[in-house]
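Undergrad: Below is target38.cif; it holds mmCIF, C-alpha atoms.
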data_data
loop_
_atom_site.label_atom_id
_atom_site.label_comp_id
_atom_site.auth_asym_id
_atom_site.auth_seq_id
_atom_site.Cartn_x
_atom_site.Cartn_y
_atom_site.Cartn_z
CA MET A 6 -3.35 3.78 -2.97
CA THR A 7 -6.65 2.33 -1.73
CA VAL A 8 -7.10 0.62 1.65
CA ALA A 9 -7.39 -2.73 -0.16
CA ALA A 10 -4.15 -2.18 -2.08
CA ARG A 11 -2.34 -1.51 1.19
CA THR A 12 -3.71 -4.60 2.95
CA HIS A 13 -4.73 -7.31 0.47
CA PRO A 14 -3.06 -8.07 -2.86
CA ILE A 15 -4.38 -8.93 -6.32
CA LEU A 16 -4.18 -12.55 -7.53
CA TYR A 17 -3.50 -12.93 -11.28
CA VAL A 18 -4.14 -16.39 -12.78
CA ASP A 19 -2.86 -17.48 -16.21
CA ASP A 20 -1.42 -20.72 -17.58
CA GLU A 21 1.12 -18.80 -19.70
CA PRO A 22 4.29 -18.10 -17.65
CA ALA A 23 5.25 -15.19 -19.90
CA ASN A 24 1.94 -13.43 -19.18
CA LEU A 25 2.35 -13.96 -15.43
CA LEU A 26 5.82 -12.48 -15.44
CA ALA A 27 4.82 -9.56 -17.68
CA VAL A 28 1.91 -8.47 -15.48
CA GLN A 29 3.84 -8.90 -12.24
CA TYR A 30 6.76 -6.92 -13.68
CA ALA A 31 4.52 -4.17 -15.08
CA PHE A 32 2.90 -3.45 -11.70
CA GLU A 33 5.89 -3.97 -9.40
CA GLY A 34 5.97 -1.07 -6.96
CA ILE A 35 2.57 0.14 -8.24
CA LEU A 36 0.04 -2.52 -7.21
CA PRO A 37 0.58 -5.68 -5.12
CA VAL A 38 0.13 -8.49 -7.67
CA GLU A 39 0.70 -12.16 -6.86
CA ILE A 40 0.41 -14.96 -9.42
CA ALA A 41 -0.93 -18.49 -9.88
CA SER A 42 -0.64 -20.71 -12.97
CA SER A 43 -3.97 -22.59 -12.72
CA GLY A 44 -7.43 -22.41 -11.20
CA GLU A 45 -6.55 -25.15 -8.73
CA GLU A 46 -3.47 -23.27 -7.52
CA ALA A 47 -5.50 -20.06 -7.26
CA LEU A 48 -8.10 -21.69 -5.00
CA LYS A 49 -5.31 -23.03 -2.79
CA ARG A 50 -3.76 -19.55 -2.52
CA LEU A 51 -7.14 -18.00 -1.73
CA GLY A 52 -7.57 -20.51 1.09
CA GLU A 53 -4.23 -19.52 2.59
CA GLN A 54 -4.27 -15.74 2.17
CA ARG A 55 -6.82 -12.97 1.80
CA PHE A 56 -6.94 -11.28 -1.61
CA ALA A 57 -8.95 -8.25 -2.73
CA VAL A 58 -9.14 -8.96 -6.48
CA LEU A 59 -9.01 -12.04 -8.71
CA LEU A 60 -7.84 -11.33 -12.29
CA THR A 61 -8.00 -14.52 -14.33
CA ASP A 62 -7.51 -15.65 -17.90
CA GLN A 63 -10.54 -17.40 -19.41
CA ARG A 64 -8.98 -20.11 -21.59
CA MET A 65 -6.92 -22.37 -19.29
CA PRO A 66 -6.53 -26.16 -19.26
CA GLY A 67 -8.56 -27.86 -16.58
CA MET A 68 -10.52 -25.07 -14.92
CA SER A 69 -11.62 -22.10 -17.02
CA GLY A 70 -11.70 -18.55 -15.75
CA VAL A 71 -15.50 -18.57 -15.51
CA GLU A 72 -15.42 -21.81 -13.51
CA LEU A 73 -12.78 -20.35 -11.19
CA CYS A 74 -14.84 -17.20 -10.65
CA ALA A 75 -17.90 -19.33 -9.85
CA HIS A 76 -15.94 -21.22 -7.15
CA VAL A 77 -14.55 -17.97 -5.74
CA ARG A 78 -18.00 -16.37 -5.72
CA GLU A 79 -19.25 -19.25 -3.55
CA ARG A 80 -16.26 -19.52 -1.19
CA TYR A 81 -14.90 -15.96 -1.03
CA PRO A 82 -17.74 -13.62 -2.09
CA ASP A 83 -15.89 -10.42 -1.10
CA VAL A 84 -13.13 -11.02 -3.68
CA VAL A 85 -13.76 -8.87 -6.77
CA ARG A 86 -13.59 -11.02 -9.91
CA ILE A 87 -12.35 -9.98 -13.39
CA ILE A 88 -12.06 -12.12 -16.55
CA LEU A 89 -9.20 -11.32 -18.95
CA THR A 90 -9.20 -13.10 -22.32
CA ALA A 91 -8.42 -12.84 -26.01
CA TYR A 92 -11.62 -14.73 -26.85
CA ALA A 93 -14.24 -12.05 -26.13
CA ASP A 94 -17.51 -13.60 -27.34
CA LEU A 95 -21.01 -12.82 -26.10
CA HIS A 96 -21.67 -16.31 -24.68
CA SER A 97 -18.55 -16.27 -22.51
CA ALA A 98 -19.32 -12.75 -21.31
CA VAL A 99 -22.87 -13.68 -20.28
CA ASP A 100 -21.59 -16.89 -18.65
CA ALA A 101 -18.98 -14.93 -16.72
CA VAL A 102 -21.57 -12.47 -15.40
CA ASN A 103 -24.19 -15.10 -14.54
CA ARG A 104 -22.00 -17.82 -13.01
CA GLY A 105 -19.06 -15.90 -11.59
CA GLN A 106 -20.68 -12.45 -11.17
CA VAL A 107 -17.51 -10.82 -12.47
CA LEU A 108 -17.07 -7.06 -12.15
CA ARG A 109 -15.57 -6.75 -15.64
CA TYR A 110 -14.90 -8.82 -18.75
CA VAL A 111 -11.71 -7.36 -20.28
CA ALA A 112 -10.62 -8.30 -23.81
CA LYS A 113 -6.97 -8.74 -24.79
CA PRO A 114 -4.84 -7.01 -25.83
CA VAL A 115 -5.09 -4.43 -23.06
CA SER A 116 -2.45 -1.83 -22.24
CA ASN A 117 -0.85 -1.61 -18.81
CA GLU A 118 -2.50 1.80 -18.26
CA GLU A 119 -5.95 0.41 -19.02
CA LEU A 120 -5.43 -2.66 -16.87
CA GLU A 121 -4.20 -0.50 -13.98
CA GLU A 122 -7.42 1.54 -14.10
CA VAL A 123 -9.51 -1.65 -14.15
CA LEU A 124 -7.65 -3.03 -11.13
CA ARG A 125 -7.87 0.20 -9.17
CA THR A 126 -11.61 0.33 -9.83
CA ALA A 127 -11.87 -3.24 -8.57
CA LEU A 128 -9.94 -2.34 -5.41
CA ASP A 129 -12.36 0.55 -4.84
CA ALA A 130 -15.28 -1.86 -5.17
CA TYR A 131 -13.64 -4.21 -2.66
CA ASP A 132 -13.14 -1.35 -0.18
CA ALA A 133 -16.77 -0.28 -0.54
CA THR A 134 -18.12 -3.79 0.00
CA ARG A 135 -15.99 -4.34 3.08
CA ALA A 136 -16.86 -0.92 4.53
CA MET A 137 -20.59 -1.46 4.04
CA ARG A 138 -20.49 -4.93 5.60
CA GLU A 139 -18.50 -3.68 8.58
CA LEU A 140 -20.96 -0.83 9.07
CA GLN A 141 -23.85 -3.27 9.17
CA GLU A 142 -22.13 -5.75 11.48
CA ARG A 143 -20.99 -3.15 13.99
CA ALA A 144 -24.32 -1.40 14.10
CA LEU A 145 -26.30 -4.63 14.43
CA ARG A 146 -24.22 -5.59 17.47
CA ALA A 147 -25.06 -2.33 19.20
CA THR A 148 -28.72 -1.46 18.48
CA PRO A 149 -32.01 -3.22 17.66
CA ALA A 150 -32.00 -4.70 14.17
CA ARG A 151 -35.02 -2.83 12.79
CA ALA A 152 -33.78 0.60 13.88
CA VAL A 153 -30.30 -0.15 12.56
CA SER A 154 -31.62 -1.34 9.21
CA ARG A 155 -33.66 1.84 8.76
CA ARG A 156 -30.75 4.05 9.81
CA LEU A 157 -28.24 2.31 7.56
CA ALA A 158 -30.63 2.41 4.63
CA VAL A 159 -30.92 6.19 4.91
CA GLN A 160 -27.21 6.84 5.45
CA LEU A 161 -25.89 4.43 2.83
CA ALA A 162 -28.35 4.99 0.00
CA GLU A 163 -26.85 8.11 -1.59
CA PRO A 164 -23.10 7.32 -1.35
CA LEU A 165 -23.74 3.79 -2.60
CA ARG A 166 -25.78 5.14 -5.52
CA ARG A 167 -22.95 7.48 -6.47
CA LEU A 168 -20.38 4.71 -6.05
CA ARG A 169 -22.33 2.32 -8.30
CA SER A 170 -22.66 5.10 -10.87
CA SER A 171 -18.91 5.79 -10.83
CA LEU A 172 -18.05 2.08 -11.15
CA ALA A 173 -20.55 1.57 -13.98
CA HIS A 174 -19.22 4.63 -15.80
CA GLY A 175 -15.67 3.29 -15.38
CA GLY A 176 -16.74 -0.01 -16.88
CA ASP A 177 -18.30 1.69 -19.90
CA LEU A 178 -15.11 3.65 -20.42
CA VAL A 179 -13.05 0.43 -20.36
CA VAL A 180 -15.28 -1.05 -23.06
CA ALA A 181 -14.90 2.11 -25.13
CA LEU A 182 -11.12 1.96 -24.73
CA GLN A 183 -11.07 -1.60 -26.01
CA ARG A 184 -13.03 -0.64 -29.11
CA THR A 185 -11.17 2.49 -30.22
CA GLU A 186 -7.86 2.60 -32.05
CA ASP A 187 -7.58 6.39 -32.25
CA ALA A 188 -4.67 7.53 -30.03
CA SER A 189 -6.17 10.91 -29.08
CA ARG A 190 -9.53 9.28 -28.29
CA ARG A 191 -7.82 6.68 -26.09
CA GLU A 192 -5.97 9.42 -24.17
CA ALA A 193 -9.24 11.28 -23.57
CA LEU A 194 -10.98 8.11 -22.40
CA LEU A 195 -8.08 7.28 -20.05
CA GLY A 196 -8.38 10.76 -18.53
CA GLU A 197 -12.11 10.28 -18.02
CA LEU A 198 -11.48 6.85 -16.53
CA ARG A 199 -9.09 8.38 -13.98
CA HIS A 200 -11.78 10.89 -13.02
CA ALA A 201 -14.30 8.07 -12.57
CA ARG A 202 -11.87 6.23 -10.30
CA GLU A 203 -11.26 9.40 -8.27
CA ASP A 204 -15.03 9.81 -7.85
CA ALA A 205 -15.28 6.21 -6.64
CA GLU A 206 -12.41 6.73 -4.20
CA ARG A 207 -14.20 9.77 -2.72
CA GLU A 208 -17.31 7.70 -2.13
CA VAL A 209 -15.23 4.97 -0.46
CA MET A 210 -13.68 7.61 1.81
CA GLN A 211 -17.15 8.86 2.73
CA LEU A 212 -18.24 5.33 3.60
CA GLU A 213 -15.15 4.95 5.74
CA GLU A 214 -15.96 8.21 7.55
CA MET A 215 -19.49 6.94 8.20
CA ARG A 216 -18.06 3.71 9.57
CA LEU A 217 -15.82 5.63 11.97
CA ARG A 218 -18.73 7.81 13.14
CA LEU A 219 -20.97 4.80 13.73
CA ASP A 220 -18.13 2.99 15.44
CA ALA A 221 -17.62 5.85 17.89
CA GLU A 222 -21.36 6.32 18.43
CA LEU A 223 -22.62 2.76 18.67
CA VAL A 224 -19.81 0.54 19.88
CA PRO A 225 -18.91 0.91 23.56
CA GLU A 226 -15.26 1.48 24.38
CA ALA A 227 -13.50 -1.80 25.03
CA ALA A 228 -12.21 -2.52 28.51
CA PRO A 229 -8.48 -1.91 28.82
CA ALA A 230 -6.27 -4.95 28.35
CA PRO A 231 -4.58 -6.30 31.48
CA ALA A 232 -0.88 -5.80 32.05
CA VAL A 233 0.99 -8.66 30.41
CA ASP A 234 4.38 -9.87 31.64
CA LEU A 235 6.49 -9.86 28.46
CA ALA A 236 9.13 -12.19 29.91
CA ARG A 237 6.56 -14.73 31.00
CA LEU A 238 4.84 -14.70 27.63
CA ALA A 239 8.16 -15.04 25.78
CA GLU A 240 9.12 -17.93 28.04
CA GLY A 241 5.89 -19.74 27.17
CA ALA A 242 6.37 -19.15 23.44
CA VAL A 243 9.94 -20.47 23.59
CA ARG A 244 8.92 -23.53 25.59
CA LEU A 245 6.16 -24.45 23.13
CA ARG A 246 8.40 -23.84 20.12
CA ARG A 247 11.34 -25.80 21.54
CA ALA A 248 9.17 -28.91 21.92
CA LYS A 249 8.61 -29.18 18.17
CA LEU A 250 11.91 -27.90 16.76
CA ASP A 251 14.25 -29.89 14.58
CA PRO A 252 17.28 -30.95 16.69
CA ALA A 253 19.53 -28.93 14.38
CA ILE A 254 17.80 -25.71 15.50
CA ARG A 255 18.47 -24.45 19.03
CA ILE A 256 16.52 -21.75 20.83
CA ALA A 257 17.50 -19.85 23.98
CA LEU A 258 15.76 -17.25 26.16
CA SER A 259 17.54 -14.42 27.98
CA VAL A 260 15.66 -12.12 30.39
CA GLU A 261 17.29 -8.75 31.01
CA GLY A 262 14.26 -7.13 32.62
CA THR A 263 10.65 -7.78 33.68
CA PRO A 264 8.62 -5.37 31.59
CA ARG A 265 4.82 -5.30 31.58
CA ALA A 266 2.63 -3.74 28.90
CA PHE A 267 -1.09 -3.15 28.50
CA VAL A 268 -1.76 -5.39 25.51
CA GLU A 269 -3.87 -8.46 24.75
CA ALA A 270 -1.84 -11.58 25.46
CA SER A 271 -3.24 -13.25 22.33
CA LEU A 272 -2.09 -10.38 20.11
CA LEU A 273 1.39 -10.39 21.64
CA GLY A 274 1.59 -14.17 21.32
CA GLN A 275 0.71 -14.00 17.61
CA VAL A 276 3.43 -11.43 16.96
CA VAL A 277 6.13 -13.37 18.84
CA ASP A 278 5.06 -16.56 17.03
CA ALA A 279 5.36 -14.76 13.68
CA LEU A 280 8.91 -13.69 14.52
CA LEU A 281 9.79 -17.24 15.63
CA ASP A 282 8.23 -18.64 12.44
CA ASN A 283 10.46 -16.38 10.38
CA ALA A 284 13.62 -17.39 12.29
CA VAL A 285 12.81 -21.11 12.14
CA ALA A 286 12.16 -20.91 8.38
CA ALA A 287 15.51 -19.17 7.83
CA LEU A 288 17.44 -21.76 9.84
CA ALA A 289 15.58 -24.70 8.27
CA ARG A 290 16.76 -23.55 4.84
CA ALA A 291 20.30 -23.23 6.20
CA GLY A 292 20.28 -26.70 7.77
CA GLY A 293 20.21 -25.48 11.39
CA GLY A 294 21.42 -22.78 13.73
CA ARG A 295 20.54 -20.82 16.83
CA ILE A 296 17.66 -18.51 17.79
CA ASP A 297 18.02 -16.09 20.69
CA VAL A 298 14.95 -14.53 22.31
CA VAL A 299 15.85 -11.61 24.57
CA VAL A 300 13.45 -9.66 26.83
CA GLY A 301 14.42 -6.30 28.32
CA GLU A 302 13.24 -2.81 29.15
CA SER A 303 14.40 0.78 28.80
CA GLU A 304 13.15 3.89 30.55
CA ASP A 305 9.68 3.84 29.01
CA THR A 306 9.42 0.73 26.79
CA GLY A 307 9.61 -3.00 27.13
CA TRP A 308 11.05 -5.00 24.27
CA VAL A 309 11.36 -8.53 22.93
CA ALA A 310 14.08 -9.31 20.38
CA VAL A 311 14.17 -12.45 18.21
CA ARG A 312 17.54 -13.01 16.50
CA ASP A 313 18.90 -15.89 14.42
CA ASP A 314 22.28 -16.74 12.88
CA GLY A 315 20.81 -17.86 9.56
CA PRO A 316 21.89 -16.66 6.11
CA GLY A 317 20.56 -13.13 6.70
CA ILE A 318 18.24 -10.97 4.62
CA PRO A 319 19.46 -9.52 1.30
CA GLU A 320 19.39 -5.73 1.12
CA PRO A 321 16.56 -5.53 -1.46
CA ALA A 322 14.42 -7.79 0.72
CA ARG A 323 15.21 -5.73 3.83
CA LEU A 324 13.50 -2.79 2.17
CA ARG A 325 10.32 -4.81 1.57
CA VAL A 326 10.23 -7.08 4.60
CA PHE A 327 7.17 -5.31 6.08
CA ASP A 328 5.31 -4.86 2.78
CA PRO A 329 1.85 -6.52 2.65
CA GLY A 330 1.97 -9.73 0.61
CA PHE A 331 5.77 -9.98 0.74
CA SER A 332 7.21 -13.16 2.26
CA LEU A 333 10.82 -13.90 3.10
CA HIS A 334 10.36 -17.67 2.98
CA GLY A 335 7.18 -18.24 0.96
CA GLY A 336 4.97 -18.61 4.02
CA ALA A 337 1.30 -17.65 4.33
CA GLY A 338 0.91 -17.37 8.10
CA PHE A 339 0.40 -14.33 10.34
CA GLY A 340 3.09 -12.42 8.41
CA LEU A 341 5.50 -9.62 9.30
CA ALA A 342 3.36 -6.88 7.70
CA ARG A 343 0.34 -7.88 9.74
CA ALA A 344 2.47 -8.28 12.86
CA ARG A 345 3.75 -4.71 12.54
CA GLU A 346 0.22 -3.44 11.90
CA ARG A 347 -1.11 -5.12 15.05
CA VAL A 348 1.79 -3.85 17.18
CA GLU A 349 1.35 -0.29 15.94
CA SER A 350 -2.40 -0.48 16.70
CA VAL A 351 -1.55 -0.69 20.42
CA GLY A 352 1.08 2.06 20.33
CA GLY A 353 4.13 -0.14 19.86
CA ALA A 354 6.69 -0.67 17.11
CA LEU A 355 8.25 -3.61 15.27
CA ASP A 356 11.65 -3.01 13.67
CA LEU A 357 14.29 -4.92 11.75
CA GLU A 358 17.72 -4.57 13.36
CA ARG A 359 20.64 -3.37 11.28
CA SER A 360 23.21 -6.12 11.71
CA THR A 361 25.74 -7.69 9.38
CA ASP A 362 26.05 -11.06 11.13
CA ARG A 363 22.58 -11.83 12.53
CA THR A 364 18.95 -11.28 11.55
CA GLY A 365 16.99 -9.64 14.34
CA PHE A 366 13.52 -8.22 14.84
CA VAL A 367 12.67 -6.16 17.93
CA LEU A 368 9.18 -5.60 19.30
CA HIS A 369 8.78 -2.44 21.43
CA LEU A 370 5.77 -1.74 23.68
CA PRO A 371 5.08 1.13 26.09
CA LEU A 372 5.59 0.06 29.70
CA ALA A 373 2.50 -0.27 31.89
CA GLU A 374 2.06 2.29 34.64
CA ARG A 375 3.07 1.36 38.17
CA MET A 376 0.40 -0.65 39.95
CA GLU A 377 -1.30 -0.04 43.31
CA ASP A 378 -3.00 -3.39 43.72
CA ARG A 379 -0.49 -6.25 43.31
CA SER A 380 -2.70 -8.96 44.76
CA GLY A 381 -3.77 -10.47 41.44
CA GLU A 382 -1.92 -11.92 38.49
CA TYR A 383 -2.76 -8.85 36.43
CA PRO A 384 -3.04 -5.92 38.92
CA LYS A 385 -5.37 -3.03 38.26
CA ARG A 386 -4.07 0.22 36.84
CA ARG A 387 -3.33 2.96 39.33
CA THR A 388 -6.24 5.39 39.51
CA ALA A 389 -5.83 9.13 39.66
#
Reformat the file's structure so that it appears as structure tokens.
TA:
Amino acid sequence: MTVAARTHPILYVDDEPANLLAVQYAFEGILPVEIASSGEEALKRLGEQRFAVLLTDQRMPGMSGVELCAHVRERYPDVVRIILTAYADLHSAVDAVNRGQVLRYVAKPVSNEELEEVLRTALDAYDATRAMRELQERALRATPARAVSRRLAVQLAEPLRRLRSSLAHGGDLVVALQRTEDASRREALLGELRHAREDAEREVMQLEEMRLRLDAELVPEAAPAPAVDLARLAEGAVRLRRAKLDPAIRIALSVEGTPRAFVEASLLGQVVDALLDNAVAALARAGGGRIDVVVGESEDTGWVAVRDDGPGIPEPARLRVFDPGFSLHGGAGFGLARARERVESVGGALDLERSTDRTGFVLHLPLAERMEDRSGEYPKRRTA
């Protein structure tokens, strides 16, 4: 699965409910597909959540697929745009390319196998665009612009040429698939299309390797984060949340230790807020209840637990609770998947507790080393 497929889902837009359900069902467990029933709803979703690919029907009441792609091109240029329609005429195809700059114009009917290849190619294109932009931004922050431009031009030219070639070849194969009815020919074209996607994925991996090399070479190592008092931060989060809670929802803080961890306070605050958001949403749907925030420490880790006595999480949902794009309560905020990703980036862990009567999430972070200088709010690390 590509980087984009792991982090940002695909948004499929169609005014026919049966089509929405069919596509979402076909790719469940294969690709992260979310749905919208109109162009207006799609733009709202895109404003609330980051998507890698927009797959839209052309003929829809109100806003057409081309019009939607034109809006998305202006507001969210990184999103890869694909038109899917049963009305494949030359004028619409040219309009889609000129106004919406779509990657592909796919004619119905299209098999699930063909559509999967189209979507995976689009995810590869999204990965490549993001990797190239990040390379440029990081390098420009670290060296003079002219030298960086020359260096990037040399390093990016060949892999980008090969990537464009692979994507163009994949597009030609999709067109050929749509035009042939011979079963053996379709199987051969599908095999070639898979090879084209694999070639594109290799180029994306090379771009990612270049990004990592430039990152290590050009971007200075960030200063270590200060030691954050987990109990103090949790107390602040609870105090702020309590001030705006519905009276039917109660929240309590229990401190069983005073752990400190080397982590950005803003990152930790976002994660604790995400856990509180989840608990509040669960209790709001249940008409009220209690949230317990507990801070403690073990031999080498500090932890913060957020537990609620709401209706609980069904077993199927427990298996997907940290999947990108999955939401327990239909929210579009920081999200549990992103929270876990951020915690793991600093060497911690975020887990769902196994409990039959309460829903609980526990954040674990490595304890900070013992300090020598305790004069400041955030003492310096002990030096060797």
Undergrad: Find the spatial neighbours of Leu368 in chain A, counting all atoms listed in the file, within a cut-off of 9 Å - ignore same-chain residues fewer than 3 positions away - and output them as a count of residues only.
TA: 13
Undergrad: By how many Å are CA of Leu48 in chain A and CA of Ala322 in chain A apart?
TA: 27.1 Å
Undergrad: Please measure the separation of CA of Glu203 in chain A and CA of Leu128 in chain A, giving the value in Å to one decimal.
TA: 12.2 Å
Undergrad: Hey, what comes out of the PyMOL selection byres ((chain A and resi 295) around 9) on this file? Could you write it as a list in words?
TA: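 So the PyMOL selection byres ((chain A and resi 295) around 9) ends up selecting Ala253, Ile254, Arg255, Ile256, Ala257, Ala284, Leu288, Gly293, Gly294, Ile296, Asp297, Arg312, Asp313, Asp314 and Gly315 of chain A.
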Undergrad: Could you pull the residues within 9 Å of Gly44 in chain A, counting all atoms listed in the file, minus those fewer than 5 positions along the same chain, as a list in words?
TA: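 Using all atoms listed in the file, the neighbours found are Val18, Asp19, Asp20, Lys49, Thr61, Met65, Pro66, Gly67, Met68, Ser69, Gly70, Glu72 and Leu73 of chain A.
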